[in-house]
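S.K.: I have a structure I would like to understand better, so I am pasting it below and will then ask my questions one at a time.
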Amino acid sequence: MILALDLFTLKVALGWMILGIIVYFIYGQRNSKLQQGIVVVPKEMEEQAFIEPDKDNL
């Protein structure tokens with residue numbers, strides 16, 4: 001069905017898709033928890049991921 005559309009409509013749709021991808025990545029980069037230095041650990045993995053700090057580096 002998409003191939004049955006005229007060329008102008010396909011170009012407009014492609015333009016909106018490209019704009020959407022750009023907005024998606026910019027938003028993701030600015031609001032990334034990893035970019036902010038926040039590491040999210042699932043509750044199921046908290047016990048496995050827990051590492052005790054070195055006593056020498058306190």
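Simple scheme: letters A, B, ... for chains in structure tokens order, numbers from 1 for residues in each chain, numbers from 1 for ligands in the order shown.
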Quick one: DSSP alpha helix (DSSP H) residues in segment 2-52 of chain A, as a list of chain:residue names?

M.R.: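 Of segment 2-52 of chain A, only A:Leu7, A:Phe8, A:Thr9, A:Leu10, A:Lys11, A:Val12, A:Ala13, A:Leu14, A:Gly15, A:Trp16, A:Met17, A:Ile18, A:Leu19, A:Gly20, A:Ile21, A:Ile22, A:Val23, A:Tyr24, A:Phe25, A:Ile26, A:Tyr27, A:Gly28, A:Gln29, A:Arg30, A:Glu46, A:Glu47, A:Gln48, A:Ala49 fall in alpha helix (DSSP H).
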